[in-house]
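Data file: protein_19.cif. Format and content: mmCIF, C-alpha atoms and all ligand atoms.
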```cif
data_work
#
loop_
_atom_site.group_PDB
_atom_site.id
_atom_site.type_symbol
_atom_site.label_atom_id
_atom_site.label_comp_id
_atom_site.auth_asym_id
_atom_site.auth_seq_id
_atom_site.Cartn_x
_atom_site.Cartn_y
_atom_site.Cartn_z
ATOM 1 C CA MET A 234 22.919 0.058 -15.084
ATOM 2 C CA PRO A 235 19.711 -0.917 -16.934
ATOM 3 C CA GLN A 236 16.506 0.451 -15.423
ATOM 4 C CA LEU A 237 14.318 -2.325 -14.011
ATOM 5 C CA LEU A 238 10.989 -0.716 -14.958
ATOM 6 C CA ALA A 239 11.874 0.864 -18.312
ATOM 7 C CA GLY A 240 8.840 0.822 -20.619
ATOM 8 C CA LYS A 241 6.418 0.004 -17.786
ATOM 9 C CA THR A 242 3.454 2.078 -16.596
ATOM 10 C CA ALA A 243 2.356 2.064 -12.957
ATOM 11 C CA LEU A 244 -0.757 3.419 -11.276
ATOM 12 C CA ILE A 245 0.024 4.361 -7.658
ATOM 13 C CA LEU A 246 -2.811 5.023 -5.196
ATOM 14 C CA GLY A 247 -2.038 6.478 -1.770
ATOM 15 C CA VAL A 248 0.412 9.360 -2.112
ATOM 16 C CA ALA A 249 -0.714 11.898 0.493
ATOM 17 C CA ASN A 250 2.602 13.649 1.147
ATOM 18 C CA ARG A 251 6.386 13.167 0.981
ATOM 19 C CA TRP A 252 6.305 10.775 3.956
ATOM 20 C CA SER A 253 3.782 8.395 2.369
ATOM 21 C CA LEU A 254 5.138 4.928 1.574
ATOM 22 C CA ALA A 255 3.516 5.412 -1.848
ATOM 23 C CA TYR A 256 5.681 8.517 -2.396
ATOM 24 C CA ALA A 257 8.863 6.493 -1.799
ATOM 25 C CA ILE A 258 7.513 3.821 -4.163
ATOM 26 C CA ALA A 259 6.736 6.428 -6.851
ATOM 27 C CA GLN A 260 10.274 7.841 -6.492
ATOM 28 C CA ALA A 261 11.839 4.400 -6.895
ATOM 29 C CA PHE A 262 9.593 3.500 -9.845
ATOM 30 C CA ILE A 263 10.496 6.730 -11.654
ATOM 31 C CA ARG A 264 14.198 6.171 -10.897
ATOM 32 C CA GLU A 265 13.807 2.750 -12.559
ATOM 33 C CA GLY A 266 12.250 4.263 -15.686
ATOM 34 C CA ALA A 267 8.519 3.683 -15.105
ATOM 35 C CA LYS A 268 5.815 6.060 -16.252
ATOM 36 C CA VAL A 269 3.847 6.774 -13.053
ATOM 37 C CA ILE A 270 0.232 7.885 -12.646
ATOM 38 C CA LEU A 271 -0.881 9.011 -9.169
ATOM 39 C CA THR A 272 -4.362 9.345 -7.697
ATOM 40 C CA TYR A 273 -5.859 11.641 -5.065
ATOM 41 C CA GLN A 274 -8.923 10.995 -2.926
ATOM 42 C CA SER A 275 -10.905 14.222 -3.469
ATOM 43 C CA ASP A 276 -10.671 17.851 -4.528
ATOM 44 C CA ARG A 277 -9.261 18.623 -1.074
ATOM 45 C CA GLN A 278 -6.052 16.713 -1.928
ATOM 46 C CA LYS A 279 -5.964 17.552 -5.683
ATOM 47 C CA LEU A 280 -3.542 20.484 -5.582
ATOM 48 C CA THR A 281 -1.162 18.811 -3.115
ATOM 49 C CA VAL A 282 -0.977 15.582 -5.095
ATOM 50 C CA GLU A 283 -0.604 17.474 -8.386
ATOM 51 C CA GLU A 284 2.355 19.357 -6.865
ATOM 52 C CA LEU A 285 3.868 16.106 -5.601
ATOM 53 C CA ALA A 286 3.361 14.578 -9.063
ATOM 54 C CA ALA A 287 5.182 17.535 -10.636
ATOM 55 C CA ASP A 288 8.102 17.196 -8.162
ATOM 56 C CA LEU A 289 8.325 13.474 -8.809
ATOM 57 C CA LYS A 290 8.017 13.959 -12.582
ATOM 58 C CA ALA A 291 5.031 11.634 -12.539
ATOM 59 C CA HIS A 292 2.939 11.564 -15.687
ATOM 60 C CA GLN A 293 -0.343 12.774 -14.151
ATOM 61 C CA ALA A 294 -2.644 12.708 -11.112
ATOM 62 C CA LEU A 295 -6.252 11.535 -11.388
ATOM 63 C CA PRO A 296 -9.101 11.468 -8.853
ATOM 64 C CA CYS A 297 -10.107 8.254 -7.087
ATOM 65 C CA ASP A 298 -11.842 7.708 -3.776
ATOM 66 C CA VAL A 299 -11.589 3.916 -3.450
ATOM 67 C CA THR A 300 -14.853 3.687 -1.515
ATOM 68 C CA GLN A 301 -16.771 4.919 -4.592
ATOM 69 C CA ASP A 302 -17.246 2.328 -7.361
ATOM 70 C CA SER A 303 -18.271 5.128 -9.734
ATOM 71 C CA GLN A 304 -14.880 6.805 -9.225
ATOM 72 C CA LEU A 305 -13.019 3.562 -9.829
ATOM 73 C CA ASP A 306 -15.044 3.068 -13.011
ATOM 74 C CA ALA A 307 -14.311 6.662 -14.091
ATOM 75 C CA LEU A 308 -10.591 6.183 -13.430
ATOM 76 C CA ALA A 309 -10.520 2.976 -15.488
ATOM 77 C CA ALA A 310 -12.515 4.656 -18.295
ATOM 78 C CA GLU A 311 -10.127 7.640 -18.345
ATOM 79 C CA LEU A 312 -7.057 5.372 -18.528
ATOM 80 C CA LYS A 313 -8.694 3.279 -21.258
ATOM 81 C CA ASN A 314 -9.569 6.409 -23.273
ATOM 82 C CA GLN A 315 -5.950 7.494 -23.047
ATOM 83 C CA GLY A 316 -4.901 4.082 -24.372
ATOM 84 C CA THR A 317 -2.963 3.366 -21.168
ATOM 85 C CA ILE A 318 -1.753 -0.188 -20.677
ATOM 86 C CA LEU A 319 -0.856 -0.824 -17.066
ATOM 87 C CA ASN A 320 1.964 -3.079 -15.914
ATOM 88 C CA CYS A 321 1.625 -2.370 -12.220
ATOM 89 C CA VAL A 322 -0.888 -1.061 -9.676
ATOM 90 C CA VAL A 323 0.205 -0.067 -6.167
ATOM 91 C CA HIS A 324 -2.543 0.054 -3.519
ATOM 92 C CA SER A 325 -1.133 1.943 -0.530
ATOM 93 C CA ILE A 326 -4.340 2.870 1.237
ATOM 94 C CA ALA A 327 -5.795 2.358 4.699
ATOM 95 C CA PHE A 328 -8.106 4.134 7.089
ATOM 96 C CA ALA A 329 -9.718 3.562 10.478
ATOM 97 C CA ASN A 330 -11.399 5.923 12.890
ATOM 98 C CA ARG A 331 -8.897 7.366 15.348
ATOM 99 C CA GLU A 332 -11.043 6.280 18.333
ATOM 100 C CA ASP A 333 -10.881 2.664 17.148
ATOM 101 C CA LEU A 334 -7.082 2.874 17.329
ATOM 102 C CA ALA A 335 -7.155 4.201 20.870
ATOM 103 C CA ARG A 336 -9.714 2.219 22.851
ATOM 104 C CA PRO A 337 -9.730 -1.535 23.563
ATOM 105 C CA PHE A 338 -10.455 -3.629 20.444
ATOM 106 C CA VAL A 339 -13.461 -5.216 22.143
ATOM 107 C CA GLU A 340 -15.157 -1.804 22.028
ATOM 108 C CA THR A 341 -14.869 -1.419 18.243
ATOM 109 C CA SER A 342 -18.199 -0.258 16.829
ATOM 110 C CA ARG A 343 -19.947 -2.069 13.981
ATOM 111 C CA ALA A 344 -19.625 1.055 11.816
ATOM 112 C CA GLY A 345 -15.928 1.539 12.652
ATOM 113 C CA PHE A 346 -15.175 -2.106 11.852
ATOM 114 C CA ALA A 347 -17.013 -1.896 8.508
ATOM 115 C CA LEU A 348 -15.289 1.373 7.576
ATOM 116 C CA ALA A 349 -11.794 -0.008 8.248
ATOM 117 C CA GLN A 350 -12.585 -3.130 6.218
ATOM 118 C CA ASP A 351 -14.074 -1.135 3.341
ATOM 119 C CA VAL A 352 -11.220 1.353 2.899
ATOM 120 C CA SER A 353 -8.314 -0.865 3.916
ATOM 121 C CA ALA A 354 -9.244 -4.333 2.601
ATOM 122 C CA TYR A 355 -12.227 -4.396 0.236
ATOM 123 C CA SER A 356 -10.751 -1.515 -1.772
ATOM 124 C CA LEU A 357 -7.992 -3.843 -2.995
ATOM 125 C CA VAL A 358 -10.637 -6.105 -4.525
ATOM 126 C CA ALA A 359 -12.401 -3.128 -6.128
ATOM 127 C CA VAL A 360 -9.125 -1.666 -7.444
ATOM 128 C CA ALA A 361 -8.043 -5.050 -8.843
ATOM 129 C CA ARG A 362 -11.394 -5.550 -10.593
ATOM 130 C CA ALA A 363 -11.317 -2.065 -12.130
ATOM 131 C CA THR A 364 -7.703 -2.187 -13.309
ATOM 132 C CA ALA A 365 -7.161 -5.842 -14.322
ATOM 133 C CA PRO A 366 -8.741 -5.252 -17.778
ATOM 134 C CA LEU A 367 -6.185 -2.482 -18.385
ATOM 135 C CA MET A 368 -3.188 -4.693 -17.660
ATOM 136 C CA ALA A 369 -0.810 -5.888 -20.345
ATOM 137 C CA ALA A 370 -1.730 -9.143 -22.118
ATOM 138 C CA LYS A 371 -0.449 -12.290 -20.460
ATOM 139 C CA ASP A 372 2.198 -12.896 -23.149
ATOM 140 C CA GLN A 373 3.288 -9.244 -22.787
ATOM 141 C CA GLY A 374 4.223 -9.689 -19.143
ATOM 142 C CA GLY A 375 0.750 -9.366 -17.603
ATOM 143 C CA GLY A 376 0.640 -7.198 -14.514
ATOM 144 C CA SER A 377 1.654 -6.815 -10.914
ATOM 145 C CA ILE A 378 -0.649 -5.594 -8.140
ATOM 146 C CA ILE A 379 1.061 -4.635 -4.899
ATOM 147 C CA THR A 380 -0.541 -3.686 -1.590
ATOM 148 C CA LEU A 381 0.902 -2.654 1.770
ATOM 149 C CA THR A 382 0.245 -4.564 4.964
ATOM 150 C CA TYR A 383 1.579 -4.795 8.516
ATOM 151 C CA LEU A 384 2.499 -7.442 11.095
ATOM 152 C CA GLY A 385 -0.620 -6.548 13.116
ATOM 153 C CA SER A 386 -2.527 -8.849 10.722
ATOM 154 C CA THR A 387 -1.170 -11.979 12.390
ATOM 155 C CA ARG A 388 0.178 -10.759 15.756
ATOM 156 C CA VAL A 389 -1.386 -8.585 18.388
ATOM 157 C CA ILE A 390 0.214 -5.152 18.226
ATOM 158 C CA GLU A 391 -1.076 -2.939 21.007
ATOM 159 C CA ASN A 392 -3.426 -0.204 19.700
ATOM 160 C CA TYR A 393 -3.394 -1.517 16.083
ATOM 161 C CA ASN A 394 -6.773 -3.121 16.824
ATOM 162 C CA VAL A 395 -9.365 -2.825 14.041
ATOM 163 C CA MET A 396 -6.616 -2.171 11.510
ATOM 164 C CA GLY A 397 -4.990 -5.517 12.365
ATOM 165 C CA VAL A 398 -8.236 -7.288 11.484
ATOM 166 C CA ALA A 399 -8.506 -5.268 8.260
ATOM 167 C CA LYS A 400 -4.916 -6.234 7.336
ATOM 168 C CA ALA A 401 -5.750 -9.915 7.961
ATOM 169 C CA ALA A 402 -8.625 -9.559 5.457
ATOM 170 C CA LEU A 403 -6.343 -7.695 3.057
ATOM 171 C CA GLU A 404 -3.755 -10.488 3.139
ATOM 172 C CA ALA A 405 -6.442 -13.121 2.535
ATOM 173 C CA ALA A 406 -7.703 -10.991 -0.375
ATOM 174 C CA VAL A 407 -4.166 -11.025 -1.822
ATOM 175 C CA ARG A 408 -4.274 -14.823 -1.925
ATOM 176 C CA TYR A 409 -7.758 -15.083 -3.464
ATOM 177 C CA LEU A 410 -7.029 -12.347 -6.004
ATOM 178 C CA SER A 411 -3.769 -13.964 -7.028
ATOM 179 C CA TYR A 412 -5.650 -17.206 -7.636
ATOM 180 C CA ASP A 413 -8.365 -15.495 -9.716
ATOM 181 C CA LEU A 414 -6.026 -13.284 -11.735
ATOM 182 C CA GLY A 415 -3.128 -15.715 -12.147
ATOM 183 C CA ALA A 416 -4.551 -17.115 -15.382
ATOM 184 C CA SER A 417 -4.189 -13.622 -16.875
ATOM 185 C CA ASN A 418 -0.573 -13.486 -15.653
ATOM 186 C CA ILE A 419 -1.517 -10.806 -13.141
ATOM 187 C CA ARG A 420 0.423 -11.263 -9.915
ATOM 188 C CA VAL A 421 -0.870 -9.992 -6.577
ATOM 189 C CA ASN A 422 1.427 -9.536 -3.587
ATOM 190 C CA ALA A 423 1.653 -7.560 -0.359
ATOM 191 C CA ILE A 424 4.676 -5.947 1.233
ATOM 192 C CA SER A 425 4.507 -6.120 5.012
ATOM 193 C CA ALA A 426 6.414 -2.994 5.963
ATOM 194 C CA GLY A 427 7.978 -2.307 9.320
ATOM 195 C CA ALA A 428 6.651 0.699 11.222
ATOM 196 C CA VAL A 429 7.397 4.027 9.503
ATOM 197 C CA LYS A 430 6.310 7.463 10.740
ATOM 198 C CA THR A 431 3.647 8.611 8.254
ATOM 199 C CA ALA A 432 0.369 10.540 8.557
ATOM 200 C CA SER A 433 -1.635 7.298 8.906
ATOM 201 C CA ALA A 434 0.787 5.862 11.453
ATOM 202 C CA ARG A 435 0.434 8.971 13.633
ATOM 203 C CA GLY A 436 -3.219 7.949 14.148
ATOM 204 C CA ILE A 437 -2.037 4.940 16.191
ATOM 205 C CA ARG A 438 -1.748 5.718 19.882
ATOM 206 C CA ASP A 439 1.824 5.531 21.240
ATOM 207 C CA PHE A 440 3.218 5.011 17.736
ATOM 208 C CA SER A 441 6.589 6.526 18.749
ATOM 209 C CA LYS A 442 6.934 3.872 21.473
ATOM 210 C CA MET A 443 6.139 1.209 18.868
ATOM 211 C CA LEU A 444 8.936 2.559 16.656
ATOM 212 C CA GLU A 445 11.382 2.587 19.557
ATOM 213 C CA GLY A 446 10.446 -0.943 20.596
ATOM 214 C CA ALA A 447 10.784 -2.279 17.040
ATOM 215 C CA ALA A 448 14.214 -0.685 16.563
ATOM 216 C CA GLY A 449 15.449 -2.298 19.763
ATOM 217 C CA MET A 450 14.020 -5.732 19.039
ATOM 218 C CA ALA A 451 14.388 -6.259 15.260
ATOM 219 C CA PRO A 452 17.381 -8.348 14.120
ATOM 220 C CA LEU A 453 18.781 -5.399 12.144
ATOM 221 C CA LYS A 454 18.463 -3.210 15.296
ATOM 222 C CA ARG A 455 16.845 -0.338 13.474
ATOM 223 C CA ASN A 456 13.573 0.799 11.944
ATOM 224 C CA THR A 457 12.493 0.357 8.347
ATOM 225 C CA ASP A 458 13.499 2.916 5.731
ATOM 226 C CA PRO A 459 10.675 3.709 3.234
ATOM 227 C CA ALA A 460 13.281 3.393 0.449
ATOM 228 C CA GLU A 461 13.707 -0.302 1.372
ATOM 229 C CA VAL A 462 9.967 -0.849 1.013
ATOM 230 C CA ALA A 463 10.076 0.974 -2.314
ATOM 231 C CA ASP A 464 12.942 -1.164 -3.637
ATOM 232 C CA ALA A 465 10.997 -4.327 -2.742
ATOM 233 C CA ALA A 466 8.055 -2.897 -4.698
ATOM 234 C CA VAL A 467 10.392 -2.354 -7.678
ATOM 235 C CA PHE A 468 11.314 -6.046 -7.506
ATOM 236 C CA LEU A 469 7.653 -7.152 -7.399
ATOM 237 C CA ALA A 470 6.721 -4.797 -10.254
ATOM 238 C CA SER A 471 9.675 -5.815 -12.408
ATOM 239 C CA ASP A 472 10.259 -8.907 -14.501
ATOM 240 C CA LEU A 473 12.538 -10.152 -11.697
ATOM 241 C CA GLY A 474 9.373 -10.853 -9.693
ATOM 242 C CA ARG A 475 7.641 -12.747 -12.507
ATOM 243 C CA GLY A 476 7.340 -16.001 -10.535
ATOM 244 C CA VAL A 477 6.066 -14.418 -7.327
ATOM 245 C CA THR A 478 2.354 -14.168 -6.535
ATOM 246 C CA GLY A 479 0.115 -14.521 -3.491
ATOM 247 C CA ASN A 480 3.018 -13.591 -1.236
ATOM 248 C CA ILE A 481 3.447 -11.441 1.829
ATOM 249 C CA LEU A 482 6.982 -10.052 1.536
ATOM 250 C CA TYR A 483 8.291 -8.726 4.864
ATOM 251 C CA VAL A 484 10.442 -5.606 4.629
ATOM 252 C CA ASP A 485 10.707 -4.847 8.322
ATOM 253 C CA ALA A 486 14.349 -5.227 9.442
ATOM 254 C CA GLY A 487 13.405 -8.814 10.388
ATOM 255 C CA MET A 488 10.864 -7.845 13.055
ATOM 256 C CA GLN A 489 8.394 -10.568 11.985
ATOM 257 C CA ILE A 490 10.615 -13.436 13.187
ATOM 258 C CA MET A 491 10.849 -12.176 16.758
ATOM 259 C CA GLY A 492 9.130 -13.718 19.751
ATOM 260 C CA PHE A 493 10.984 -12.180 22.653
ATOM 261 C CA ALA A 494 14.214 -10.256 23.020
ATOM 262 C CA ARG A 495 15.742 -8.154 25.764
ATOM 263 C CA THR A 496 15.917 -4.503 24.764
ATOM 264 C CA GLU A 497 18.400 -2.234 26.513
HETATM 265 P P1 LIG B 501 -0.316 7.700 4.349
HETATM 266 O O1 LIG B 501 0.753 8.509 3.758
HETATM 267 O O2 LIG B 501 -1.270 8.395 5.278
HETATM 268 O O3 LIG B 501 -1.104 6.943 3.177
HETATM 269 C C1 LIG B 501 -2.425 6.468 3.328
HETATM 270 C C2 LIG B 501 -3.151 6.846 2.090
HETATM 271 O O4 LIG B 501 -4.474 6.284 2.057
HETATM 272 C C3 LIG B 501 -3.331 8.364 1.936
HETATM 273 O O5 LIG B 501 -2.859 8.764 0.678
HETATM 274 C C4 LIG B 501 -4.842 8.528 2.031
HETATM 275 O O6 LIG B 501 -5.318 9.607 1.287
HETATM 276 C C5 LIG B 501 -5.286 7.227 1.395
HETATM 277 N N1 LIG B 501 -6.716 6.990 1.565
HETATM 278 C C6 LIG B 501 -7.421 6.815 2.709
HETATM 279 N N2 LIG B 501 -8.732 6.652 2.411
HETATM 280 C C7 LIG B 501 -8.839 6.713 1.064
HETATM 281 C C8 LIG B 501 -9.932 6.616 0.143
HETATM 282 N N3 LIG B 501 -11.188 6.429 0.574
HETATM 283 N N4 LIG B 501 -9.684 6.725 -1.190
HETATM 284 C C9 LIG B 501 -8.429 6.936 -1.628
HETATM 285 N N5 LIG B 501 -7.358 7.046 -0.817
HETATM 286 C C10 LIG B 501 -7.572 6.931 0.514
HETATM 287 O O7 LIG B 501 0.280 6.513 5.238
HETATM 288 P P2 LIG B 501 1.214 5.258 4.861
HETATM 289 O O8 LIG B 501 1.770 4.814 6.163
HETATM 290 O O9 LIG B 501 2.102 5.587 3.731
HETATM 291 O O10 LIG B 501 0.139 4.151 4.450
HETATM 292 C C11 LIG B 501 0.145 3.473 3.199
HETATM 293 C C12 LIG B 501 -0.141 2.003 3.399
HETATM 294 O O11 LIG B 501 0.969 1.408 4.076
HETATM 295 C C13 LIG B 501 -1.369 1.698 4.252
HETATM 296 O O12 LIG B 501 -2.036 0.568 3.751
HETATM 297 C C14 LIG B 501 -0.749 1.365 5.609
HETATM 298 O O13 LIG B 501 -1.583 0.555 6.413
HETATM 299 C C15 LIG B 501 0.470 0.611 5.114
HETATM 300 N N6 LIG B 501 1.520 0.411 6.113
HETATM 301 C C16 LIG B 501 2.029 1.469 6.793
HETATM 302 C C17 LIG B 501 3.016 1.258 7.757
HETATM 303 C C18 LIG B 501 3.556 2.395 8.562
HETATM 304 O O14 LIG B 501 4.141 2.142 9.622
HETATM 305 N N7 LIG B 501 3.451 3.619 8.110
HETATM 306 C C19 LIG B 501 3.496 -0.045 7.993
HETATM 307 C C20 LIG B 501 2.968 -1.104 7.260
HETATM 308 C C21 LIG B 501 1.975 -0.869 6.321
HETATM 309 P P3 LIG B 501 -5.662 10.987 2.058
HETATM 310 O O15 LIG B 501 -4.497 11.385 2.865
HETATM 311 O O16 LIG B 501 -5.976 11.871 0.928
HETATM 312 O O17 LIG B 501 -6.851 10.671 2.922
#
```

The structure in this file should be written as C-alpha cells.
Ligand code: NAP
Amino acid sequence: MPQLLAGKTALILGVANRWSLAYAIAQAFIREGAKVILTYQSDRQKLTVEELAADLKAHQALPCDVTQDSQLDALAAELKNQGTILNCVVHSIAFANREDLARPFVETSRAGFALAQDVSAYSLVAVARATAPLMAAKDQGGGSIITLTYLGSTRVIENYNVMGVAKAALEAAVRYLSYDLGASNIRVNAISAGAVKTASARGIRDFSKMLEGAAGMAPLKRNTDPAEVADAAVFLASDLGRGVTGNILYVDAGMQIMGFARTE
C-alpha cells in the first residue's frame, strides 16, 4: 500500500513519553513514510525525548519551550539552516496549574488563567508564526498545522475548568489562523480527542471516573485509542486532507453528540 506521507517532513511538538498523543502521532507519521522532527521543552526532558526519537526512528529532537519566543525563533533558524521544508506541524501541548483543575472554576487565579492560555492556546499562534515561513510553497502542497483539543471547550466537563476556556481560545485561534494562512495554502485544523490516560490527563481530578463515564455513554461504547487520533492526524497531514481547514475533527468514539444516556 502506498505510504500517505512519503516525502513529507513533520515537526511534532509535545512528545513527553510513550503515552503522549504526540507519540502515537509520530509513530503513525513514520509508518506512513514521513521524516519526523521532535521537540523537547528543556534540558530536563532532552535525554528522554532523544531516546524516544531513537526508538521511533525520528530524524532528530530539538529544544523548544513554546512560552519563549527566542526558542521558537532559534528552532525556526535551525530548521532553516538545515534547509528543512516543512509539510506539517503538530502542536500537542497544554498546561494548567494542578490546583486550577481541582478547585471550582470561579476560584481560578488571574495568573493561573493567563498561564493556561499562554501555554495551551497562544502557543499555537506563536508556533504557526514561527513555522509558516518554513512550509512548502503553495503550489508544492503548502502545509498542514494540527493541534489537539477537547470537548471541554464547548461543554462543561467537571474539573476541566481553566483548560476548557483555554481550549475554547485554541479552537478560535484555529479558525483565525486558517483564515490568515489559507492564502499560502497552509491549512490549520484541530483534532478533538476523546479522553485518553496521559501524563497531562492525570492532572485532572477524577480523570478515571471521566474515562469510565465516557466509555459508558459514547455511541461506540468505549474510550478513544490514541492510534485513532494519530490516524486522523495522518489524514489531515496528507494530501487527502487538502480541502480541509479551520475544522475541529472529533475523534472521540462519538462522545460529542451525546446529551444524556443511561449508563449501566
Ligand atoms: P502529554 O503527554 O502530557 O503532552 C503534553 C505535552 O505538552 C508534553 O510533551 C509537555 O512537555 C508539553 N508542554 C507543556 N508545556 C510546554 C512548554 N512550555 N513548551 C513545550 N512543551 C510543553 O499529554 P497529552 O494528553 O498527550 O496532551 C497533548 C495534547 O492533547 C494537549 O493539548 C491536550 O490538551 C490534548 N488532549 C488530550 C486529551 C487526553 O485525554 N489526554 C484529550 C483531548 C486533547 P513536558 O512533559 O516536557 O512538560

From the set A:Leu334, A:Ala307, A:Val339, A:Val398, which residue has the shortest atom-to-atom contact distance to Ala363 of chain A, counting only C-alpha atoms?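 Closest residue, counting only C-alpha atoms: A:Ala307.
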
Please enumerate the residues selected by the PyMOL selection byres (((not hetatm)) within 8 of (chain B and resi 501)) when evaluated against the supplied file, formatted as a PyMOL selection string. chain A and resi 246-256+272-275+277-278+297-301+324-328+352-353+380-384+396+400+424-434

Deliver the residues from the most recent selection as a file, using C-alpha atoms, as a PDB file, in the frame of the given file.
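Ended up saving to selection_9.pdb:
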```
ATOM      1  CA  LEU A 246      -2.811   5.023  -5.196  1.00  0.00           C
ATOM      2  CA  GLY A 247      -2.038   6.478  -1.770  1.00  0.00           C
ATOM      3  CA  VAL A 248       0.412   9.360  -2.112  1.00  0.00           C
ATOM      4  CA  ALA A 249      -0.714  11.898   0.493  1.00  0.00           C
ATOM      5  CA  ASN A 250       2.602  13.649   1.147  1.00  0.00           C
ATOM      6  CA  ARG A 251       6.386  13.167   0.981  1.00  0.00           C
ATOM      7  CA  TRP A 252       6.305  10.775   3.956  1.00  0.00           C
ATOM      8  CA  SER A 253       3.782   8.395   2.369  1.00  0.00           C
ATOM      9  CA  LEU A 254       5.138   4.928   1.574  1.00  0.00           C
ATOM     10  CA  ALA A 255       3.516   5.412  -1.848  1.00  0.00           C
ATOM     11  CA  TYR A 256       5.681   8.517  -2.396  1.00  0.00           C
ATOM     12  CA  THR A 272      -4.362   9.345  -7.697  1.00  0.00           C
ATOM     13  CA  TYR A 273      -5.859  11.641  -5.065  1.00  0.00           C
ATOM     14  CA  GLN A 274      -8.923  10.995  -2.926  1.00  0.00           C
ATOM     15  CA  SER A 275     -10.905  14.222  -3.469  1.00  0.00           C
ATOM     16  CA  ARG A 277      -9.261  18.623  -1.074  1.00  0.00           C
ATOM     17  CA  GLN A 278      -6.052  16.713  -1.928  1.00  0.00           C
ATOM     18  CA  CYS A 297     -10.107   8.254  -7.087  1.00  0.00           C
ATOM     19  CA  ASP A 298     -11.842   7.708  -3.776  1.00  0.00           C
ATOM     20  CA  VAL A 299     -11.589   3.916  -3.450  1.00  0.00           C
ATOM     21  CA  THR A 300     -14.853   3.687  -1.515  1.00  0.00           C
ATOM     22  CA  GLN A 301     -16.771   4.919  -4.592  1.00  0.00           C
ATOM     23  CA  HIS A 324      -2.543   0.054  -3.519  1.00  0.00           C
ATOM     24  CA  SER A 325      -1.133   1.943  -0.530  1.00  0.00           C
ATOM     25  CA  ILE A 326      -4.340   2.870   1.237  1.00  0.00           C
ATOM     26  CA  ALA A 327      -5.795   2.358   4.699  1.00  0.00           C
ATOM     27  CA  PHE A 328      -8.106   4.134   7.089  1.00  0.00           C
ATOM     28  CA  VAL A 352     -11.220   1.353   2.899  1.00  0.00           C
ATOM     29  CA  SER A 353      -8.314  -0.865   3.916  1.00  0.00           C
ATOM     30  CA  THR A 380      -0.541  -3.686  -1.590  1.00  0.00           C
ATOM     31  CA  LEU A 381       0.902  -2.654   1.770  1.00  0.00           C
ATOM     32  CA  THR A 382       0.245  -4.564   4.964  1.00  0.00           C
ATOM     33  CA  TYR A 383       1.579  -4.795   8.516  1.00  0.00           C
ATOM     34  CA  LEU A 384       2.499  -7.442  11.095  1.00  0.00           C
ATOM     35  CA  MET A 396      -6.616  -2.171  11.510  1.00  0.00           C
ATOM     36  CA  LYS A 400      -4.916  -6.234   7.336  1.00  0.00           C
ATOM     37  CA  ILE A 424       4.676  -5.947   1.233  1.00  0.00           C
ATOM     38  CA  SER A 425       4.507  -6.120   5.012  1.00  0.00           C
ATOM     39  CA  ALA A 426       6.414  -2.994   5.963  1.00  0.00           C
ATOM     40  CA  GLY A 427       7.978  -2.307   9.320  1.00  0.00           C
ATOM     41  CA  ALA A 428       6.651   0.699  11.222  1.00  0.00           C
ATOM     42  CA  VAL A 429       7.397   4.027   9.503  1.00  0.00           C
ATOM     43  CA  LYS A 430       6.310   7.463  10.740  1.00  0.00           C
ATOM     44  CA  THR A 431       3.647   8.611   8.254  1.00  0.00           C
ATOM     45  CA  ALA A 432       0.369  10.540   8.557  1.00  0.00           C
ATOM     46  CA  SER A 433      -1.635   7.298   8.906  1.00  0.00           C
ATOM     47  CA  ALA A 434       0.787   5.862  11.453  1.00  0.00           C
TER      48      ALA A 434
END
```

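Considering only C-alpha atoms, the residue among A:Glu404, A:Asp351, A:Asp306, A:Asp413 positioned nearest to Leu482 of chain A is A:Glu404.
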
Restricting the calculation to all atoms listed in the file: of A:Ile379, A:Leu403, A:Arg435, A:Val462, which residue gets closest to Gln350 of chain A?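 Residue with the minimum atom-to-atom distance to Gln350 of chain A: A:Leu403.
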
For Leu237 of chain A, the closest of A:Gly474, A:Glu311, A:Met491, A:Thr364 counting only C-alpha atoms is A:Gly474

At a cut-off of 8 Å around the point (-4.9, 10.4, -18.2) (file coordinates), what residues fall inside when counting all atoms listed in the file? I'd like the answer as a PDB file with C-alpha atoms, in the frame of the given file.
```pdb
ATOM      1  CA  ILE A 270       0.232   7.885 -12.646  1.00  0.00           C
ATOM      2  CA  GLN A 293      -0.343  12.774 -14.151  1.00  0.00           C
ATOM      3  CA  ALA A 294      -2.644  12.708 -11.112  1.00  0.00           C
ATOM      4  CA  LEU A 295      -6.252  11.535 -11.388  1.00  0.00           C
ATOM      5  CA  GLU A 311     -10.127   7.640 -18.345  1.00  0.00           C
ATOM      6  CA  LEU A 312      -7.057   5.372 -18.528  1.00  0.00           C
ATOM      7  CA  ASN A 314      -9.569   6.409 -23.273  1.00  0.00           C
ATOM      8  CA  GLN A 315      -5.950   7.494 -23.047  1.00  0.00           C
ATOM      9  CA  THR A 317      -2.963   3.366 -21.168  1.00  0.00           C
TER      10      THR A 317
END
```

Can you pull out every residue within 8 Å of Val269 of chain A, counting all atoms listed in the file, but drop anything in the same chain fewer than 6 positions away, and send it as a JSON list (two decimals) with C-alpha atoms, keeping the file's coordinate frame?
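out20.json, freshly written:
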```json
[["chain", "number", "residue", "atom", "x", "y", "z"],
["A", 242, "THR", "CA", 3.45, 2.08, -16.60],
["A", 243, "ALA", "CA", 2.36, 2.06, -12.96],
["A", 244, "LEU", "CA", -0.76, 3.42, -11.28],
["A", 245, "ILE", "CA", 0.02, 4.36, -7.66],
["A", 259, "ALA", "CA", 6.74, 6.43, -6.85],
["A", 262, "PHE", "CA", 9.59, 3.50, -9.85],
["A", 263, "ILE", "CA", 10.50, 6.73, -11.65],
["A", 291, "ALA", "CA", 5.03, 11.63, -12.54],
["A", 292, "HIS", "CA", 2.94, 11.56, -15.69],
["A", 293, "GLN", "CA", -0.34, 12.77, -14.15]]
```

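For the residues A:Ala347, A:Ala463, A:Ala267, A:Met368, ranking by smallest atom-to-atom distance to Ala402 of chain A using only C-alpha atoms places A:Ala347 first.
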
What's the separation between atom CA of Pro235 of chain A and atom CA of Asp464 of chain A, in Å to one decimal place? 14.9 Å

Mind giving me the straight-line distance from atom CA of Arg455 of chain A to atom CA of Ser386 of chain A in Å, one decimal? 21.3 Å

Taken to one decimal, the atom CA of Leu469 of chain A-atom CA of Gln236 of chain A distance is 14.2 Å

Taking (-9.7, -7.2, -13.1) as a centre in this file's frame and 12 Å as the limit, can you find every polymer residue with an atom that close, using all atoms listed in the file, and give them as a VMD selection string? chain A and resid 305 to 306 309 319 322 357 to 369 375 to 378 410 to 411 413 to 421
